[in-house]
Amino acid sequence: MSLLRGRGHRHREVVELNITAFMNLMVVLVPFLLITAVFSQVAILDLNLPTDGDASAEPDEPEFHLEITVRESRIDVGDRGTGLLTVIENSSQGYELDELGEYLERVKQRFPDKADATLLLEPEISYQTLVSVMDKVRVLERLDAESNQVMSYELFPEISIGDAPLSN
Amino acid sequence: MHYSGGRAARMERHHKRHKRNGALNLVSLMDIFTILVFFLLVNSSEVQTLPNAKDLTLPESIAEQRARENVVIMVTDTDLLVQGRVVASIADVVNSNELVIPALKAALLNQSEREIRQLSDEEAAQREVTIMGDKEIPYSLLKRVMATCTDADYGNLSLAVLQKSSALKLSALSSGG
């Protein structure tokens, strides 16, 4: 035992690195970077509102125009020309957004070229609900079973926003 | 065999041994710091363009588009701010019935006057503004803020949201791992 230690000591007395300066640098750098680090990413949703110039210039062809109306207790999906397509009632947990997504997927299959939709909201709807519904209208997320990855499919990314008509 | 030598010699030996063993072993600490520094350096390369929203909670969304540098309107539950300066209180705004909020419009017009580059009319109508709203604000208030923006010739609105992974993505991660 004493033999081993003695030999080790002889070898070791050369390799004493002075790392104090490096340590100081690290100790300063780590808190600085921790403070400036961004942990919550902020993203944006684009909205294109019509300005005064190009409003109401659309011809009144009988074209399909998707309208999603968010009310206090339900979400109505309809066509501006022909009227209501479906009503999605709230469950006890709130809005049935998954059901809305599935229904919009079927709409997209019938009208593959359609990219715009109108979101109509009642005055008391919260901002979070607006954003959640916009998410569902914009993209559809599907789990690809083979690669186990989530694929995003575009549904109706060009969203305009308006007031909901009074419910009957 | 240890009885040779006096007390002083023994103490000296004792101290010498302690001095050698007393040096801190900093290797693992250094490892952690080195990894942490590189991780944080890589992480902080993305520059945040939007101000920190301390007094409001942004709504969560699966949006992935990055924020751009432009005029920021903040709607907290007490105040309305343009570029960090309070322009009106929410209580006043809710109490008045006009669609356009005059104080906000004045602040926005003031912002566009301060631009150095003079824009043509077409470009001016496409100016951008980012709205950072608390997730609890009602649509009626949001609508009036948006109407004021378009009235002040800010045609391109973006809504700031907090990025989160969808539940589907999380489940894929946990089952895939």
# chains A, B, ... in the order shown; residues from 1 in each chain; ligands from 1

$ interface_residues --of "chain A" --to "chain B" --cutoff "9 Å" --atoms "only C-alpha atoms" --output "ChimeraX atom specification"
/A:23,26-27,29-30,33-34,36-52,121-132,134-135,141-143,148-150,161-163

$ select_by_dssp --residues "chain A" --states "helix (DSSP H, G or I)" --output "JSON, numbers by chain"
{"A": [2, 3, 4, 5, 6, 7, 8, 9, 10, 11, 12, 20, 21, 22, 23, 24, 25, 26, 27, 28, 29, 30, 31, 32, 33, 34, 35, 36, 97, 98, 99, 100, 101, 102, 103, 104, 105, 106, 107, 108, 109, 110, 127, 128, 129, 130, 131, 132, 133, 134, 135, 136, 137, 138]}

$ write_last_selection --atoms "N, CA and C atoms" --output "short mmCIF file (atom, residue, chain, number, x, y, z; two decimals), in the first residue's frame"
data_model
loop_
_atom_site.label_atom_id
_atom_site.label_comp_id
_atom_site.auth_asym_id
_atom_site.auth_seq_id
_atom_site.Cartn_x
_atom_site.Cartn_y
_atom_site.Cartn_z
N SER A 2 1.83 1.28 0.91
CA SER A 2 2.68 2.46 0.98
C SER A 2 3.55 2.57 -0.26
N LEU A 3 3.85 1.45 -0.83
CA LEU A 3 4.65 1.44 -2.06
C LEU A 3 3.88 2.08 -3.20
N LEU A 4 2.58 1.68 -3.32
CA LEU A 4 1.75 2.21 -4.40
C LEU A 4 1.58 3.71 -4.27
N ARG A 5 1.30 4.11 -3.02
CA ARG A 5 1.04 5.54 -2.81
C ARG A 5 2.29 6.36 -3.13
N GLY A 6 3.39 5.83 -2.74
CA GLY A 6 4.63 6.54 -2.98
C GLY A 6 4.89 6.74 -4.46
N ARG A 7 4.59 5.67 -5.22
CA ARG A 7 4.86 5.80 -6.65
C ARG A 7 3.89 6.81 -7.29
N GLY A 8 2.63 6.69 -6.86
CA GLY A 8 1.61 7.60 -7.39
C GLY A 8 1.96 9.04 -7.08
N HIS A 9 2.45 9.26 -5.89
CA HIS A 9 2.77 10.62 -5.49
C HIS A 9 3.89 11.20 -6.33
N ARG A 10 4.86 10.34 -6.63
CA ARG A 10 5.97 10.82 -7.42
C ARG A 10 5.51 11.27 -8.81
N HIS A 11 4.55 10.52 -9.35
CA HIS A 11 4.07 10.88 -10.68
C HIS A 11 3.16 12.10 -10.64
N ARG A 12 2.41 12.20 -9.54
CA ARG A 12 1.35 13.20 -9.53
C ARG A 12 1.85 14.60 -9.27
N THR A 20 -8.05 28.02 -11.48
CA THR A 20 -8.82 29.04 -10.77
C THR A 20 -9.39 30.09 -11.73
N ALA A 21 -8.58 30.54 -12.66
CA ALA A 21 -9.05 31.55 -13.60
C ALA A 21 -10.20 31.02 -14.45
N PHE A 22 -10.06 29.78 -14.89
CA PHE A 22 -11.11 29.14 -15.69
C PHE A 22 -12.40 29.01 -14.88
N MET A 23 -12.24 28.61 -13.62
CA MET A 23 -13.39 28.49 -12.74
C MET A 23 -14.09 29.83 -12.58
N ASN A 24 -13.32 30.89 -12.39
CA ASN A 24 -13.92 32.22 -12.25
C ASN A 24 -14.74 32.57 -13.48
N LEU A 25 -14.18 32.31 -14.62
CA LEU A 25 -14.89 32.59 -15.87
C LEU A 25 -16.21 31.83 -15.92
N MET A 26 -16.15 30.55 -15.61
CA MET A 26 -17.34 29.70 -15.65
C MET A 26 -18.40 30.21 -14.68
N VAL A 27 -17.95 30.55 -13.46
CA VAL A 27 -18.90 30.97 -12.43
C VAL A 27 -19.60 32.26 -12.85
N VAL A 28 -18.92 33.13 -13.56
CA VAL A 28 -19.56 34.36 -14.04
C VAL A 28 -20.46 34.07 -15.24
N LEU A 29 -19.96 33.23 -16.15
CA LEU A 29 -20.65 32.99 -17.40
C LEU A 29 -21.96 32.23 -17.20
N VAL A 30 -21.94 31.26 -16.29
CA VAL A 30 -23.14 30.44 -16.11
C VAL A 30 -24.33 31.26 -15.61
N PRO A 31 -24.22 32.04 -14.54
CA PRO A 31 -25.38 32.85 -14.15
C PRO A 31 -25.79 33.85 -15.20
N PHE A 32 -24.82 34.44 -15.90
CA PHE A 32 -25.16 35.41 -16.94
C PHE A 32 -26.01 34.77 -18.03
N LEU A 33 -25.60 33.60 -18.49
CA LEU A 33 -26.34 32.92 -19.56
C LEU A 33 -27.67 32.41 -19.06
N LEU A 34 -27.71 31.98 -17.81
CA LEU A 34 -28.97 31.50 -17.24
C LEU A 34 -29.99 32.62 -17.21
N ILE A 35 -29.55 33.84 -16.87
CA ILE A 35 -30.48 34.96 -16.81
C ILE A 35 -30.98 35.32 -18.20
N THR A 36 -30.07 35.33 -19.19
CA THR A 36 -30.50 35.77 -20.52
C THR A 36 -31.17 34.66 -21.33
N LEU A 97 -62.80 20.77 -29.27
CA LEU A 97 -61.94 21.23 -30.36
C LEU A 97 -61.47 20.07 -31.24
N ASP A 98 -61.30 18.88 -30.65
CA ASP A 98 -60.87 17.75 -31.46
C ASP A 98 -61.93 17.37 -32.49
N GLU A 99 -63.20 17.43 -32.03
CA GLU A 99 -64.28 17.11 -32.94
C GLU A 99 -64.32 18.13 -34.08
N LEU A 100 -64.09 19.41 -33.74
CA LEU A 100 -64.04 20.46 -34.76
C LEU A 100 -62.94 20.15 -35.77
N GLY A 101 -61.77 19.73 -35.28
CA GLY A 101 -60.67 19.41 -36.17
C GLY A 101 -61.02 18.29 -37.13
N GLU A 102 -61.67 17.25 -36.58
CA GLU A 102 -62.04 16.11 -37.45
C GLU A 102 -63.06 16.52 -38.49
N TYR A 103 -64.03 17.36 -38.08
CA TYR A 103 -65.04 17.79 -39.04
C TYR A 103 -64.42 18.64 -40.14
N LEU A 104 -63.50 19.55 -39.74
CA LEU A 104 -62.87 20.42 -40.73
C LEU A 104 -62.01 19.62 -41.70
N GLU A 105 -61.47 18.50 -41.23
CA GLU A 105 -60.70 17.63 -42.12
C GLU A 105 -61.59 17.08 -43.23
N ARG A 106 -62.82 16.69 -42.86
CA ARG A 106 -63.75 16.18 -43.88
C ARG A 106 -64.14 17.29 -44.85
N VAL A 107 -64.30 18.51 -44.32
CA VAL A 107 -64.61 19.65 -45.20
C VAL A 107 -63.47 19.88 -46.18
N LYS A 108 -62.24 19.77 -45.66
CA LYS A 108 -61.07 19.99 -46.50
C LYS A 108 -60.98 18.94 -47.61
N GLN A 109 -61.39 17.71 -47.29
CA GLN A 109 -61.37 16.66 -48.31
C GLN A 109 -62.37 16.96 -49.43
N ARG A 110 -63.48 17.58 -49.08
CA ARG A 110 -64.46 17.91 -50.11
C ARG A 110 -64.03 19.12 -50.92
N TYR A 127 -59.69 35.28 -25.34
CA TYR A 127 -58.61 35.28 -26.33
C TYR A 127 -58.01 33.89 -26.49
N GLN A 128 -57.89 33.17 -25.37
CA GLN A 128 -57.32 31.81 -25.44
C GLN A 128 -58.19 30.92 -26.31
N THR A 129 -59.52 31.03 -26.18
CA THR A 129 -60.41 30.23 -27.01
C THR A 129 -60.23 30.58 -28.48
N LEU A 130 -60.13 31.88 -28.76
CA LEU A 130 -59.91 32.33 -30.14
C LEU A 130 -58.66 31.68 -30.73
N VAL A 131 -57.57 31.70 -29.95
CA VAL A 131 -56.31 31.15 -30.44
C VAL A 131 -56.40 29.63 -30.61
N SER A 132 -57.04 28.96 -29.66
CA SER A 132 -57.16 27.50 -29.77
C SER A 132 -57.98 27.11 -31.00
N VAL A 133 -59.09 27.83 -31.23
CA VAL A 133 -59.90 27.51 -32.41
C VAL A 133 -59.11 27.81 -33.68
N MET A 134 -58.37 28.92 -33.68
CA MET A 134 -57.55 29.24 -34.86
C MET A 134 -56.55 28.14 -35.16
N ASP A 135 -55.96 27.58 -34.11
CA ASP A 135 -55.02 26.47 -34.28
C ASP A 135 -55.69 25.31 -35.00
N LYS A 136 -56.91 24.98 -34.54
CA LYS A 136 -57.61 23.84 -35.13
C LYS A 136 -57.99 24.10 -36.57
N VAL A 137 -58.33 25.36 -36.88
CA VAL A 137 -58.74 25.69 -38.24
C VAL A 137 -57.51 25.73 -39.16
N ARG A 138 -56.37 26.16 -38.63
CA ARG A 138 -55.17 26.31 -39.45
C ARG A 138 -54.57 24.97 -39.86
#

$ residues_around --residues "B:Ile90" --least-positions-apart "4" --cutoff "12 Å" --atoms "only C-alpha atoms" --output "number ranges by chain"
B: 74-81, 86, 94-96, 101, 103-104, 133-134, 137-138, 141-142, 144-145

$ residues_around --residues "A:Leu140" --least-positions-apart "6" --cutoff "7 Å" --atoms "only C-alpha atoms" --output "tab-separated table (two decimals) with N, CA, C and O atoms, in the first residue's frame"
chain	number	residue	atom	x	y	z
A	101	GLY	N	-61.77	19.73	-35.28
A	101	GLY	CA	-60.67	19.41	-36.17
A	101	GLY	C	-61.02	18.29	-37.13
A	101	GLY	O	-60.73	18.36	-38.32
A	152	SER	N	-48.01	17.55	-39.77
A	152	SER	CA	-48.96	18.66	-39.79
A	152	SER	C	-49.52	18.80	-41.20
A	152	SER	O	-48.77	18.83	-42.17
A	153	TYR	N	-50.84	18.88	-41.29
A	153	TYR	CA	-51.48	19.11	-42.57
A	153	TYR	C	-52.17	20.45	-42.52
A	153	TYR	O	-52.82	20.78	-41.54
A	154	GLU	N	-52.02	21.19	-43.60
A	154	GLU	CA	-52.64	22.50	-43.65
A	154	GLU	C	-54.12	22.36	-43.92
A	154	GLU	O	-54.53	21.64	-44.82
A	155	LEU	N	-54.95	23.06	-43.18
A	155	LEU	CA	-56.38	23.05	-43.46
A	155	LEU	C	-56.80	24.38	-44.09
A	155	LEU	O	-56.81	24.52	-45.29

$ closest_residue --among "A:Met151, A:Ile68, A:Asp116, A:Val139" --to "A:Leu84" --atoms "only C-alpha atoms"
A:Ile68

$ atom_distance --atom1 "atom CA of A:Ile159" --atom2 "atom CA of B:Asn70"
21.2 Å

$ residues_around --residues "A:Arg80" --least-positions-apart "5" --cutoff "10 Å" --atoms "only C-alpha atoms" --output "tab-separated table (two decimals) with all heavy atoms, in the first residue's frame"
chain	number	residue	atom	x	y	z
A	62	PRO	N	-72.22	32.05	-56.00
A	62	PRO	CA	-72.55	31.05	-54.98
A	62	PRO	C	-71.34	30.17	-54.68
A	62	PRO	O	-71.31	28.99	-55.01
A	62	PRO	CB	-73.69	30.26	-55.62
A	62	PRO	CG	-73.48	30.42	-57.08
A	62	PRO	CD	-72.85	31.76	-57.28
A	63	GLU	N	-70.33	30.75	-54.09
A	63	GLU	CA	-69.09	30.03	-53.82
A	63	GLU	C	-69.11	29.56	-52.37
A	63	GLU	O	-69.67	30.22	-51.50
A	63	GLU	CB	-67.91	30.96	-54.05
A	63	GLU	CG	-66.58	30.25	-54.19
A	63	GLU	CD	-65.43	31.24	-54.14
A	63	GLU	OE1	-65.68	32.43	-54.34
A	63	GLU	OE2	-64.30	30.80	-53.90
A	64	PHE	N	-68.47	28.44	-52.13
A	64	PHE	CA	-68.40	27.93	-50.76
A	64	PHE	C	-67.52	28.83	-49.92
A	64	PHE	O	-66.40	29.16	-50.29
A	64	PHE	CB	-67.84	26.50	-50.78
A	64	PHE	CG	-67.68	25.92	-49.41
A	64	PHE	CD1	-68.80	25.58	-48.66
A	64	PHE	CD2	-66.43	25.74	-48.86
A	64	PHE	CE1	-68.66	25.05	-47.40
A	64	PHE	CE2	-66.29	25.22	-47.60
A	64	PHE	CZ	-67.40	24.87	-46.86
A	65	HIS	N	-68.05	29.28	-48.80
A	65	HIS	CA	-67.25	30.11	-47.91
A	65	HIS	C	-67.43	29.61	-46.48
A	65	HIS	O	-68.52	29.71	-45.91
A	65	HIS	CB	-67.66	31.57	-48.03
A	65	HIS	CG	-66.68	32.49	-47.39
A	65	HIS	ND1	-65.83	33.28	-48.11
A	65	HIS	CD2	-66.40	32.70	-46.10
A	65	HIS	CE1	-65.07	33.96	-47.28
A	65	HIS	NE2	-65.39	33.61	-46.05
A	66	LEU	N	-66.37	29.05	-45.94
A	66	LEU	CA	-66.46	28.42	-44.63
A	66	LEU	C	-66.54	29.45	-43.52
A	66	LEU	O	-65.76	30.38	-43.46
A	66	LEU	CB	-65.23	27.52	-44.42
A	66	LEU	CG	-65.24	26.66	-43.16
A	66	LEU	CD1	-66.34	25.63	-43.22
A	66	LEU	CD2	-63.88	26.01	-42.99
A	67	GLU	N	-67.52	29.25	-42.66
A	67	GLU	CA	-67.66	30.13	-41.50
A	67	GLU	C	-67.74	29.30	-40.23
A	67	GLU	O	-68.54	28.38	-40.12
A	67	GLU	CB	-68.95	30.96	-41.62
A	67	GLU	CG	-68.82	32.13	-42.54
A	67	GLU	CD	-70.06	33.01	-42.48
A	67	GLU	OE1	-71.12	32.53	-42.05
A	67	GLU	OE2	-69.96	34.16	-42.88
A	68	ILE	N	-66.87	29.61	-39.29
A	68	ILE	CA	-66.91	28.93	-37.99
A	68	ILE	C	-67.34	29.95	-36.95
A	68	ILE	O	-66.68	30.96	-36.76
A	68	ILE	CB	-65.53	28.33	-37.63
A	68	ILE	CG1	-65.14	27.29	-38.66
A	68	ILE	CG2	-65.55	27.70	-36.25
A	68	ILE	CD1	-63.90	27.61	-39.40
A	118	THR	N	-63.58	31.97	-42.27
A	118	THR	CA	-63.91	33.12	-41.44
A	118	THR	C	-64.29	32.63	-40.06
A	118	THR	O	-65.01	31.66	-39.90
A	118	THR	CB	-65.10	33.89	-42.06
A	118	THR	OG1	-64.78	34.19	-43.41
A	118	THR	CG2	-65.34	35.18	-41.30

$ closest_residue --among "B:Ala8, B:Ala91, B:Val72, B:Val82" --to "B:Lys105" --atoms "only C-alpha atoms"
B:Val82

$ select_by_dssp --residues "chain A" --states "strand (DSSP E)" --output "VMD selection string"
chain A and resid 42 to 48 66 to 70 74 to 79 83 to 89 116 to 121 139 to 144 149 to 154 158 to 163

$ write_last_selection --atoms "C-alpha atoms" --output "PDB file, in the first residue's frame"
ATOM      1  CA  VAL A  42     -43.001  33.362 -28.314  1.00  0.00           C
ATOM      2  CA  ALA A  43     -44.494  32.729 -31.730  1.00  0.00           C
ATOM      3  CA  ILE A  44     -46.991  34.721 -33.753  1.00  0.00           C
ATOM      4  CA  LEU A  45     -50.207  34.048 -35.621  1.00  0.00           C
ATOM      5  CA  ASP A  46     -50.719  36.126 -38.723  1.00  0.00           C
ATOM      6  CA  LEU A  47     -54.005  37.798 -39.417  1.00  0.00           C
ATOM      7  CA  ASN A  48     -54.824  39.668 -42.582  1.00  0.00           C
ATOM      8  CA  LEU A  66     -66.463  28.415 -44.628  1.00  0.00           C
ATOM      9  CA  GLU A  67     -67.660  30.131 -41.500  1.00  0.00           C
ATOM     10  CA  ILE A  68     -66.912  28.926 -37.992  1.00  0.00           C
ATOM     11  CA  THR A  69     -69.000  30.624 -35.353  1.00  0.00           C
ATOM     12  CA  VAL A  70     -67.817  30.326 -31.759  1.00  0.00           C
ATOM     13  CA  ARG A  74     -71.242  25.603 -28.953  1.00  0.00           C
ATOM     14  CA  ILE A  75     -69.318  25.951 -32.203  1.00  0.00           C
ATOM     15  CA  ASP A  76     -71.278  26.238 -35.455  1.00  0.00           C
ATOM     16  CA  VAL A  77     -69.648  25.335 -38.738  1.00  0.00           C
ATOM     17  CA  GLY A  78     -71.415  26.648 -41.797  1.00  0.00           C
ATOM     18  CA  ASP A  79     -71.275  27.928 -45.330  1.00  0.00           C
ATOM     19  CA  GLY A  83     -76.186  27.954 -44.050  1.00  0.00           C
ATOM     20  CA  LEU A  84     -75.350  25.699 -41.169  1.00  0.00           C
ATOM     21  CA  LEU A  85     -73.403  22.493 -41.787  1.00  0.00           C
ATOM     22  CA  THR A  86     -72.950  21.174 -38.278  1.00  0.00           C
ATOM     23  CA  VAL A  87     -73.204  22.174 -34.647  1.00  0.00           C
ATOM     24  CA  ILE A  88     -70.611  21.049 -32.130  1.00  0.00           C
ATOM     25  CA  GLU A  89     -72.016  21.346 -28.616  1.00  0.00           C
ATOM     26  CA  ASP A 116     -59.563  30.616 -46.322  1.00  0.00           C
ATOM     27  CA  ALA A 117     -62.086  30.584 -43.522  1.00  0.00           C
ATOM     28  CA  THR A 118     -63.914  33.124 -41.440  1.00  0.00           C
ATOM     29  CA  LEU A 119     -64.006  32.933 -37.686  1.00  0.00           C
ATOM     30  CA  LEU A 120     -67.002  34.629 -36.079  1.00  0.00           C
ATOM     31  CA  LEU A 121     -66.986  35.161 -32.342  1.00  0.00           C
ATOM     32  CA  VAL A 139     -53.522  22.921 -39.164  1.00  0.00           C
ATOM     33  CA  LEU A 140     -54.407  19.314 -38.553  1.00  0.00           C
ATOM     34  CA  GLU A 141     -51.937  17.212 -36.637  1.00  0.00           C
ATOM     35  CA  ARG A 142     -51.792  13.517 -37.238  1.00  0.00           C
ATOM     36  CA  LEU A 143     -49.631  10.868 -35.660  1.00  0.00           C
ATOM     37  CA  ASP A 144     -47.844   8.852 -38.291  1.00  0.00           C
ATOM     38  CA  GLN A 149     -43.854  11.351 -35.778  1.00  0.00           C
ATOM     39  CA  VAL A 150     -46.462  14.044 -35.825  1.00  0.00           C
ATOM     40  CA  MET A 151     -47.316  15.276 -39.301  1.00  0.00           C
ATOM     41  CA  SER A 152     -48.957  18.656 -39.791  1.00  0.00           C
ATOM     42  CA  TYR A 153     -51.477  19.105 -42.573  1.00  0.00           C
ATOM     43  CA  GLU A 154     -52.639  22.501 -43.651  1.00  0.00           C
ATOM     44  CA  GLU A 158     -56.022  32.195 -44.193  1.00  0.00           C
ATOM     45  CA  ILE A 159     -58.290  33.164 -41.363  1.00  0.00           C
ATOM     46  CA  SER A 160     -60.314  36.308 -41.088  1.00  0.00           C
ATOM     47  CA  ILE A 161     -62.146  37.307 -37.943  1.00  0.00           C
ATOM     48  CA  GLY A 162     -65.521  38.887 -37.429  1.00  0.00           C
ATOM     49  CA  ASP A 163     -68.505  39.319 -35.137  1.00  0.00           C
TER      50      ASP A 163
END

$ closest_residue --among "A:Ile19, A:Ser147, A:Ser91, A:Ala115" --to "B:Asn25" --atoms "only C-alpha atoms"
A:Ile19
